[in-house]
Amino acid sequence: MSQKIEDYALIGDCETAALVGRDGSIDWLCWPAFDSDACFSAILGTNRNGRWLIAPSGDVTRISRRYVGNTLILETRFETAEGSVALIDFMPPRGKASDIVRLVRGLTGHVKLEMELVIRFGFGVDIPWVRRTEDNALLAICGQDMTVLRSPVETRGKDLTTVAAFEVTAGETVPFVLTYGPSHIDPPGPIDPDAALQETEAYWKDWCSRSTRDGPYRDLVMRSLITLKALTFAPTGGIVAAPTTSLPEKLGGTRNWDYRFCWLRDATFTLLALMNSGYTEEASAWHSWLLRAAAGAPSRMQIMYGIWGQRRLLEWEAGWLDGYEGAQPVRVGNAAHAQLQLDVYGELIDAFHQSRMAKLKLDDESWALECAVLQHLAEVWDHPDHGIWERRGEAKHYVFSKVMTWVAFDRGIKSAETFGFKAPLLHWRTLRDAICRDVCEKGFDPETNSFVESYGSKLLDASVLLLPSVGFLPPSDPRVRGTIAAVEREMMRGGFVLRHDPREVSEEKQPAEGAFLACSLWLADAHVLAGDLDKAQVLFDRVCGIANDVGLLAEEYDPVAQRQTGNFPQALTHIALINTAHNLSTARKRSEKPAVQRSK
């Protein structure tokens with residue numbers, strides 16, 4: 001049985017990432033990149049689907065873990081009756097090859113340990129051919145993939161698994177290094193584990209030193225920023241929504257999606273989180289990725305792309321994997337990439353506008369792309385779509401989608417006026433006003449005094465909490481206050497906000513999912529804008545309170561089971577945490593941060 005989602009920690013090299021359990025087992029890793037096939041898939045199946053365990057062989061009396069300062073170096077401490085050891089796990093910044101370094105350091109006494117390495121390429125199904133090299137390294141090859149294990153510990157094969165038994169005394173360190181390389185070239189050379197540890201620690205300390213963030217939430221924000229950096233694909237600047245696929249939104253359910261791609265939905269949230277924390281270089285790289293990914297005919301723009309900007313993210317099922325705690329199917333790829341979601345047009349234009357306002361240097365082609373996007377949007381804004389939550393049923397006129405088309409024209413107008421760009425301003429203003437009237441007439445229900453999920457519906461949707469944040473209506477508007485009250489009345493469970501109205505009988509016949517953590521933080525932002533700082537603080541503290549012991553958060557939280565659910569760690573959750581922390585801390589200083597920046 002898999003460990004709880006919150007029992008995992010993250011290590012990575014800014015091109016891929018691995019999940020390390022509290023038991024010392026790496027149960028998930030896609031190599032060499034976020035969107036590659038996994039070679040460790042135990043989290044979605046069994047140990048036989050690939051994992052790498054290092055742990056004491058006897059009874060463990062206590063396990064504790066932490067990140068070493070503001071780094072992505074994980075230290076897990078195991079205490080036994082015979083002594084204690086620290087397992088130090090990290091991935092050095094990518095050099096010629098990608099490495100996982102595991103150092104077993106004796107702290108007290110004398111501890112016996114075991115190592116079990118099960119490499120299964122192709123998402124847990126392909127068994128490699130293994131042989132020992134002249135320099136006593138262990139080489140595993142299957143198709144295009146190759147790994148090399150180097151360690152002074154003697155290993156042996158057992159049931160298609162590499163195992164070892166060894167001992168560590170106080171003051172002694174035993175290294176293991178697993179390196180990935182393409183199988184058609186010579187095996188990658190060895191690295192010095194101790195030097196790699198120093199270099200990795202220096203890398204993260206230097207990166208964190210660039211942060212301009214201080215104040216009461218600095219530690220929480222820094223951990224979220226480090227996580228966001230770890231989910232960034234360094235060669236392109238694209239940021240994956242999560243490093244995992246098919247961790248279920250509902251335990252035992254079927255809403256299991258592949259999140260190892262980059263969503264336009266997150267564009268402006270991401271930019272503001274980075275820029276307001278001092279990371280303009282990363283913000284610029286993300287903007288450049290957006291520009292390249294969206295390049296081409298606006299009618300072909302997608303809601304998500306691959307880390308290189310790939311467009312065909314074909315979805316299929318890995319039927320040989322049992323799924324996390326039996327949640328099937330396990331999906332690879334994401335069919336939602338072909339959906340029409342009108343909100344992404346607004347996200348793109350808003351991201352470009354916020355970049356200009358922050359004085360980021362933009363590509364000369366940015367404005368031409370924006371004009372082309374708005375020309376296309378003028379023709380399709382009144383079409384039904386699948387909404388921000390990527391519903392796979394019938395297309396509808398989702399309120400938030402329409403609001404974001406308003407945002408697209410509003411930001412286009414503001415950019416043209418502020419920066420002197422040539423634009424059909426009269427036409428854009430006419431469309432902006434028409435969309436506003438349309439939403440207010442068809443998307444607001446007077447009986448419930450609330451904006452609703454879609455035109456003609458009585459159901460709510462958490463995305464409407466963003467209406468004041470994106471500037472559609474001021475937070476003082478009675479319709480906004482009514483919407484906030486309706487969400488608090490109908491859509492909260494255990495103190496957290498659901499994204500879908502629980503009164504809905506879904507055509508998809510899915511069990512009710514957990515609370516969507518970003519939505520709870522969006523409600524906090526709405527309270528900040530409305531001046532209800534105490535309510536915002538309570539929500540923020542509640543979300544922070546369910547972060548795991550190393551500060552990581554998944555997509556959702558099941559308040560009944562009191563467990564994190566969904567893909568992990570989730571970029572949007574950590575981005576929302578960063579932005580809400582900025583909103584709270586600066587609201588008391590009466591300065592402008594994310595919520596105010598977008599609402600102006």
# chains A, B, ... in the order shown; residues from 1 in each chain; ligands from 1
$ select_by_dssp --residues "stretch 301-368 of chain A" --states "strand (DSSP E)" --output "list in words"
Met304, Tyr305, Trp316, Glu317, Arg331 and Val332 of chain A
$ write_last_selection --atoms "N, CA, C and O atoms" --output "PDB file, in the first residue's frame"
ATOM      1  N   MET A 304      -3.208  24.165 -22.319  1.00  0.00           N
ATOM      2  CA  MET A 304      -1.968  23.671 -21.731  1.00  0.00           C
ATOM      3  C   MET A 304      -1.043  23.217 -22.841  1.00  0.00           C
ATOM      4  O   MET A 304      -1.478  22.915 -23.963  1.00  0.00           O
ATOM      5  N   TYR A 305       0.243  23.143 -22.514  1.00  0.00           N
ATOM      6  CA  TYR A 305       1.266  22.699 -23.453  1.00  0.00           C
ATOM      7  C   TYR A 305       2.287  21.861 -22.682  1.00  0.00           C
ATOM      8  O   TYR A 305       2.339  21.885 -21.453  1.00  0.00           O
ATOM      9  N   TRP A 316      -3.633   8.398 -22.703  1.00  0.00           N
ATOM     10  CA  TRP A 316      -3.817   6.952 -22.726  1.00  0.00           C
ATOM     11  C   TRP A 316      -3.736   6.426 -21.301  1.00  0.00           C
ATOM     12  O   TRP A 316      -3.404   7.172 -20.379  1.00  0.00           O
ATOM     13  N   GLU A 317      -4.082   5.169 -21.122  1.00  0.00           N
ATOM     14  CA  GLU A 317      -4.153   4.604 -19.783  1.00  0.00           C
ATOM     15  C   GLU A 317      -3.111   3.503 -19.594  1.00  0.00           C
ATOM     16  O   GLU A 317      -2.949   2.638 -20.467  1.00  0.00           O
ATOM     17  N   ARG A 331      -3.691   7.665 -15.857  1.00  0.00           N
ATOM     18  CA  ARG A 331      -3.660   8.318 -17.161  1.00  0.00           C
ATOM     19  C   ARG A 331      -2.293   8.931 -17.450  1.00  0.00           C
ATOM     20  O   ARG A 331      -1.662   9.501 -16.554  1.00  0.00           O
ATOM     21  N   VAL A 332      -1.877   8.839 -18.697  1.00  0.00           N
ATOM     22  CA  VAL A 332      -0.670   9.497 -19.192  1.00  0.00           C
ATOM     23  C   VAL A 332      -1.099  10.380 -20.358  1.00  0.00           C
ATOM     24  O   VAL A 332      -1.785   9.921 -21.268  1.00  0.00           O
TER      25      VAL A 332
END
$ residues_around --residues "stretch 418-431 of chain A" --least-positions-apart "2" --cutoff "10 Å" --atoms "only C-alpha atoms" --output "ChimeraX atom specification"
/A:353,356-357,367-368,371,374-375,377-378,381,405-406,408-410,412-416,433-437
$ closest_residue --among "A:Gly106, A:Pro216, A:Gly494, A:Pro235" --to "A:Leu87" --atoms "only C-alpha atoms"
A:Gly106
$ select_by_dssp --residues "stretch 255-455 of chain A" --states "alpha helix (DSSP H)" --output "VMD selection string"
chain A and resid 267 to 275 280 to 294 343 to 357 366 to 380 399 to 419 425 to 442
$ closest_residue --among "A:Thr46, A:Ser277, A:Thr244, A:Thr232" --to "A:Ile307" --atoms "only C-alpha atoms"
A:Thr232
$ closest_residue --among "A:Ala318, A:Val480, A:Val380, A:Ala372" --to "A:Leu340" --atoms "only C-alpha atoms"
A:Val380
$ residues_around --residues "A:Asp159" --least-positions-apart "2" --cutoff "12 Å" --atoms "only C-alpha atoms" --output "number ranges by chain"
A: 48, 116-118, 127, 156-157, 161-163
$ closest_residue --among "A:Val399, A:Ala55, A:Val148, A:Val464" --to "A:Thr483" --atoms "only C-alpha atoms"
A:Val464
$ residues_around --residues "A:Asp135" --least-positions-apart "2" --cutoff "12 Å" --atoms "only C-alpha atoms" --output "list in words"
Arg131, Arg132, Thr133, Ala137, Leu138, Leu139, Val148, Leu149, Arg150, Ser151, Pro152, Pro187, Gly189 and Pro190 of chain A
$ write_last_selection --atoms "all heavy atoms" --output "compact mmCIF listing (two decimals), in the first residue's frame"
# COMPACT_ATOMS: atom_id res chain seq x y z
N ARG A 131 24.01 -5.06 -15.99
CA ARG A 131 25.33 -5.67 -15.97
C ARG A 131 26.28 -4.76 -15.20
O ARG A 131 26.01 -3.57 -14.99
CB ARG A 131 25.86 -5.90 -17.38
CG ARG A 131 26.15 -4.62 -18.16
CD ARG A 131 26.72 -4.94 -19.53
NE ARG A 131 26.94 -3.75 -20.34
CZ ARG A 131 28.02 -2.99 -20.30
NH1 ARG A 131 29.02 -3.31 -19.48
NH2 ARG A 131 28.14 -1.93 -21.09
N ARG A 132 27.39 -5.32 -14.79
CA ARG A 132 28.40 -4.56 -14.05
C ARG A 132 29.50 -4.11 -15.01
O ARG A 132 29.92 -4.86 -15.87
CB ARG A 132 28.98 -5.42 -12.92
CG ARG A 132 29.71 -4.59 -11.86
CD ARG A 132 29.98 -5.43 -10.62
NE ARG A 132 28.76 -5.85 -9.95
CZ ARG A 132 28.07 -5.08 -9.12
NH1 ARG A 132 28.46 -3.83 -8.90
NH2 ARG A 132 26.98 -5.52 -8.54
N THR A 133 29.94 -2.87 -14.85
CA THR A 133 30.97 -2.32 -15.72
C THR A 133 32.35 -2.60 -15.15
O THR A 133 32.50 -3.11 -14.03
CB THR A 133 30.78 -0.80 -15.88
OG1 THR A 133 30.98 -0.17 -14.60
CG2 THR A 133 29.39 -0.48 -16.39
N ALA A 137 30.59 -0.25 -11.55
CA ALA A 137 29.28 0.40 -11.53
C ALA A 137 28.23 -0.58 -12.04
O ALA A 137 28.55 -1.55 -12.74
CB ALA A 137 29.29 1.65 -12.39
N LEU A 138 26.97 -0.33 -11.72
CA LEU A 138 25.88 -1.20 -12.15
C LEU A 138 25.09 -0.48 -13.22
O LEU A 138 24.50 0.58 -12.97
CB LEU A 138 24.98 -1.55 -10.96
CG LEU A 138 24.18 -2.85 -11.08
CD1 LEU A 138 25.11 -4.04 -11.14
CD2 LEU A 138 23.22 -2.98 -9.89
N LEU A 139 25.08 -1.05 -14.41
CA LEU A 139 24.48 -0.42 -15.58
C LEU A 139 23.15 -1.09 -15.89
O LEU A 139 23.08 -2.31 -16.00
CB LEU A 139 25.43 -0.55 -16.77
CG LEU A 139 25.14 0.26 -18.03
CD1 LEU A 139 25.34 1.74 -17.78
CD2 LEU A 139 26.04 -0.22 -19.16
N VAL A 148 23.01 4.37 -14.16
CA VAL A 148 24.26 3.84 -13.62
C VAL A 148 24.25 4.05 -12.11
O VAL A 148 24.07 5.18 -11.64
CB VAL A 148 25.49 4.55 -14.23
CG1 VAL A 148 26.77 3.91 -13.73
CG2 VAL A 148 25.44 4.51 -15.76
N LEU A 149 24.43 2.96 -11.36
CA LEU A 149 24.50 3.05 -9.90
C LEU A 149 25.94 2.89 -9.46
O LEU A 149 26.63 1.93 -9.83
CB LEU A 149 23.65 1.95 -9.26
CG LEU A 149 23.73 1.88 -7.73
CD1 LEU A 149 23.10 3.11 -7.09
CD2 LEU A 149 23.06 0.59 -7.21
N ARG A 150 26.40 3.84 -8.66
CA ARG A 150 27.76 3.77 -8.12
C ARG A 150 27.69 3.90 -6.59
O ARG A 150 27.03 4.80 -6.06
CB ARG A 150 28.64 4.88 -8.69
CG ARG A 150 28.94 4.73 -10.19
CD ARG A 150 29.88 5.82 -10.68
NE ARG A 150 30.30 5.59 -12.06
CZ ARG A 150 29.68 6.09 -13.13
NH1 ARG A 150 28.61 6.86 -12.96
NH2 ARG A 150 30.13 5.85 -14.35
N SER A 151 28.38 2.99 -5.92
CA SER A 151 28.43 3.00 -4.46
C SER A 151 29.54 2.06 -4.01
O SER A 151 29.82 1.05 -4.68
CB SER A 151 27.10 2.54 -3.86
OG SER A 151 27.19 2.43 -2.45
N PRO A 152 30.18 2.36 -2.88
CA PRO A 152 31.17 1.42 -2.35
C PRO A 152 30.52 0.17 -1.73
O PRO A 152 31.22 -0.81 -1.44
CB PRO A 152 31.88 2.24 -1.27
CG PRO A 152 30.89 3.27 -0.85
CD PRO A 152 30.12 3.60 -2.08
N PRO A 187 28.24 5.49 -20.91
CA PRO A 187 27.67 5.80 -19.59
C PRO A 187 28.25 7.10 -19.04
O PRO A 187 29.43 7.39 -19.21
CB PRO A 187 28.08 4.60 -18.74
CG PRO A 187 28.30 3.49 -19.72
CD PRO A 187 28.85 4.14 -20.95
N GLY A 189 29.90 9.76 -16.57
CA GLY A 189 30.98 9.56 -15.61
C GLY A 189 30.53 9.79 -14.18
O GLY A 189 29.45 10.33 -13.92
N PRO A 190 31.38 9.41 -13.22
CA PRO A 190 31.03 9.57 -11.81
C PRO A 190 31.14 11.02 -11.37
O PRO A 190 31.82 11.83 -11.98
CB PRO A 190 32.07 8.70 -11.10
CG PRO A 190 33.26 8.71 -12.02
CD PRO A 190 32.70 8.75 -13.41
$ closest_residue --among "A:Pro243, A:Pro193, A:Gly531, A:Gly387" --to "A:Leu29" --atoms "only C-alpha atoms"
A:Pro243
$ residues_around --residues "A:Trp28" --least-positions-apart "5" --cutoff "6 Å" --atoms "only C-alpha atoms" --output "PyMOL selection string"
chain A and resi 18-19+40-41
$ residues_around --residues "A:Ser2" --least-positions-apart "4" --cutoff "8 Å" --atoms "only C-alpha atoms" --output "list in words"
Ala42, Ile43, Leu44, Gly45, Thr46, Tyr324 and Glu325 of chain A
$ write_last_selection --atoms "C-alpha atoms" --output "CSV table (one decimal), in the first residue's frame"
chain,number,residue,atom,x,y,z
A,42,ALA,CA,5.5,2.5,-6.9
A,43,ILE,CA,3.2,5.3,-5.8
A,44,LEU,CA,0.8,4.3,-8.6
A,45,GLY,CA,1.2,0.6,-8.1
A,46,THR,CA,3.4,-1.7,-6.0
A,324,TYR,CA,-2.9,5.1,-6.0
A,325,GLU,CA,-4.8,3.1,-3.3
$ residues_around --residues "A:Glu6" --least-positions-apart "6" --cutoff "12 Å" --atoms "only C-alpha atoms" --output "PDB file with N, CA and C atoms, in the first residue's frame"
ATOM      1  N   LEU A  19       9.705  11.921  -5.790  1.00  0.00           N
ATOM      2  CA  LEU A  19       9.023  11.913  -4.510  1.00  0.00           C
ATOM      3  C   LEU A  19       9.660  10.869  -3.605  1.00  0.00           C
ATOM      4  N   VAL A  20      10.052  11.316  -2.408  1.00  0.00           N
ATOM      5  CA  VAL A  20      10.722  10.470  -1.423  1.00  0.00           C
ATOM      6  C   VAL A  20       9.793  10.286  -0.233  1.00  0.00           C
ATOM      7  N   GLY A  21       9.479   9.036   0.107  1.00  0.00           N
ATOM      8  CA  GLY A  21       8.589   8.765   1.224  1.00  0.00           C
ATOM      9  C   GLY A  21       9.300   8.864   2.565  1.00  0.00           C
ATOM     10  N   ARG A  22       8.496   8.951   3.621  1.00  0.00           N
ATOM     11  CA  ARG A  22       9.055   8.992   4.967  1.00  0.00           C
ATOM     12  C   ARG A  22       9.815   7.715   5.296  1.00  0.00           C
ATOM     13  N   LEU A 247      -2.606  11.038  -9.277  1.00  0.00           N
ATOM     14  CA  LEU A 247      -2.918  11.021  -7.849  1.00  0.00           C
ATOM     15  C   LEU A 247      -4.345  11.550  -7.726  1.00  0.00           C
ATOM     16  N   ILE A 546      -2.398  22.574   7.128  1.00  0.00           N
ATOM     17  CA  ILE A 546      -2.439  21.197   6.619  1.00  0.00           C
ATOM     18  C   ILE A 546      -1.251  20.870   5.719  1.00  0.00           C
ATOM     19  N   ALA A 547      -0.323  21.814   5.555  1.00  0.00           N
ATOM     20  CA  ALA A 547       0.917  21.491   4.839  1.00  0.00           C
ATOM     21  C   ALA A 547       1.616  20.357   5.583  1.00  0.00           C
ATOM     22  N   ASN A 548       2.331  19.521   4.861  1.00  0.00           N
ATOM     23  CA  ASN A 548       2.985  18.406   5.537  1.00  0.00           C
ATOM     24  C   ASN A 548       4.197  18.893   6.326  1.00  0.00           C
ATOM     25  N   ASP A 549       4.920  17.965   6.915  1.00  0.00           N
ATOM     26  CA  ASP A 549       5.999  18.335   7.832  1.00  0.00           C
ATOM     27  C   ASP A 549       7.149  19.055   7.151  1.00  0.00           C
ATOM     28  N   VAL A 550       7.227  19.015   5.822  1.00  0.00           N
ATOM     29  CA  VAL A 550       8.268  19.762   5.111  1.00  0.00           C
ATOM     30  C   VAL A 550       7.673  20.884   4.255  1.00  0.00           C
ATOM     31  N   GLY A 551       6.424  21.270   4.574  1.00  0.00           N
ATOM     32  CA  GLY A 551       5.841  22.463   3.974  1.00  0.00           C
ATOM     33  C   GLY A 551       5.230  22.301   2.599  1.00  0.00           C
ATOM     34  N   LEU A 552       4.870  21.076   2.203  1.00  0.00           N
ATOM     35  CA  LEU A 552       4.347  20.845   0.855  1.00  0.00           C
ATOM     36  C   LEU A 552       2.843  20.604   0.873  1.00  0.00           C
ATOM     37  N   LEU A 553       2.186  21.029  -0.204  1.00  0.00           N
ATOM     38  CA  LEU A 553       0.739  20.922  -0.336  1.00  0.00           C
ATOM     39  C   LEU A 553       0.347  20.309  -1.671  1.00  0.00           C
ATOM     40  N   ALA A 554      -0.690  19.490  -1.637  1.00  0.00           N
ATOM     41  CA  ALA A 554      -1.239  18.889  -2.846  1.00  0.00           C
ATOM     42  C   ALA A 554      -2.287  19.818  -3.453  1.00  0.00           C
ATOM     43  N   GLU A 555      -3.001  19.293  -4.419  1.00  0.00           N
ATOM     44  CA  GLU A 555      -4.048  20.062  -5.097  1.00  0.00           C
ATOM     45  C   GLU A 555      -5.266  20.256  -4.187  1.00  0.00           C
ATOM     46  N   GLU A 556      -5.637  19.201  -3.451  1.00  0.00           N
ATOM     47  CA  GLU A 556      -6.880  19.232  -2.695  1.00  0.00           C
ATOM     48  C   GLU A 556      -6.670  18.659  -1.288  1.00  0.00           C
ATOM     49  N   TYR A 557      -7.722  18.783  -0.467  1.00  0.00           N
ATOM     50  CA  TYR A 557      -7.692  18.264   0.894  1.00  0.00           C
ATOM     51  C   TYR A 557      -9.057  17.673   1.213  1.00  0.00           C
ATOM     52  N   ASP A 558      -9.040  16.447   1.713  1.00  0.00           N
ATOM     53  CA  ASP A 558     -10.268  15.777   2.129  1.00  0.00           C
ATOM     54  C   ASP A 558     -10.459  16.041   3.620  1.00  0.00           C
ATOM     55  N   GLN A 562      -9.163  13.804   6.451  1.00  0.00           N
ATOM     56  CA  GLN A 562      -8.053  14.645   6.903  1.00  0.00           C
ATOM     57  C   GLN A 562      -6.749  14.235   6.195  1.00  0.00           C
ATOM     58  N   ARG A 563      -6.850  14.184   4.863  1.00  0.00           N
ATOM     59  CA  ARG A 563      -5.719  13.803   4.034  1.00  0.00           C
ATOM     60  C   ARG A 563      -5.624  14.708   2.816  1.00  0.00           C
ATOM     61  N   GLN A 564      -4.399  14.927   2.336  1.00  0.00           N
ATOM     62  CA  GLN A 564      -4.205  15.630   1.083  1.00  0.00           C
ATOM     63  C   GLN A 564      -4.540  14.691  -0.076  1.00  0.00           C
ATOM     64  N   THR A 565      -5.123  15.263  -1.125  1.00  0.00           N
ATOM     65  CA  THR A 565      -5.474  14.478  -2.305  1.00  0.00           C
ATOM     66  C   THR A 565      -5.093  15.254  -3.558  1.00  0.00           C
ATOM     67  N   GLY A 566      -5.055  14.550  -4.685  1.00  0.00           N
ATOM     68  CA  GLY A 566      -4.694  15.173  -5.954  1.00  0.00           C
ATOM     69  C   GLY A 566      -3.200  15.196  -6.170  1.00  0.00           C
ATOM     70  N   ASN A 567      -2.801  15.678  -7.332  1.00  0.00           N
ATOM     71  CA  ASN A 567      -1.384  15.654  -7.689  1.00  0.00           C
ATOM     72  C   ASN A 567      -0.561  16.526  -6.745  1.00  0.00           C
ATOM     73  N   PHE A 568       0.715  16.120  -6.564  1.00  0.00           N
ATOM     74  CA  PHE A 568       1.515  16.631  -5.447  1.00  0.00           C
ATOM     75  C   PHE A 568       2.980  16.733  -5.821  1.00  0.00           C
ATOM     76  N   PRO A 569       3.650  17.813  -5.337  1.00  0.00           N
ATOM     77  CA  PRO A 569       3.049  19.042  -4.841  1.00  0.00           C
ATOM     78  C   PRO A 569       2.464  19.852  -5.991  1.00  0.00           C
ATOM     79  N   GLN A 570       1.436  20.628  -5.687  1.00  0.00           N
ATOM     80  CA  GLN A 570       0.688  21.338  -6.714  1.00  0.00           C
ATOM     81  C   GLN A 570       1.169  22.776  -6.825  1.00  0.00           C
TER      82      GLN A 570
END
$ closest_residue --among "A:Asn70, A:Gln302, A:Thr76, A:Ser355" --to "A:Arg223" --atoms "only C-alpha atoms"
A:Asn70
$ atom_distance --atom1 "atom CA of A:Leu107" --atom2 "atom CA of A:Glu82"
11.0 Å
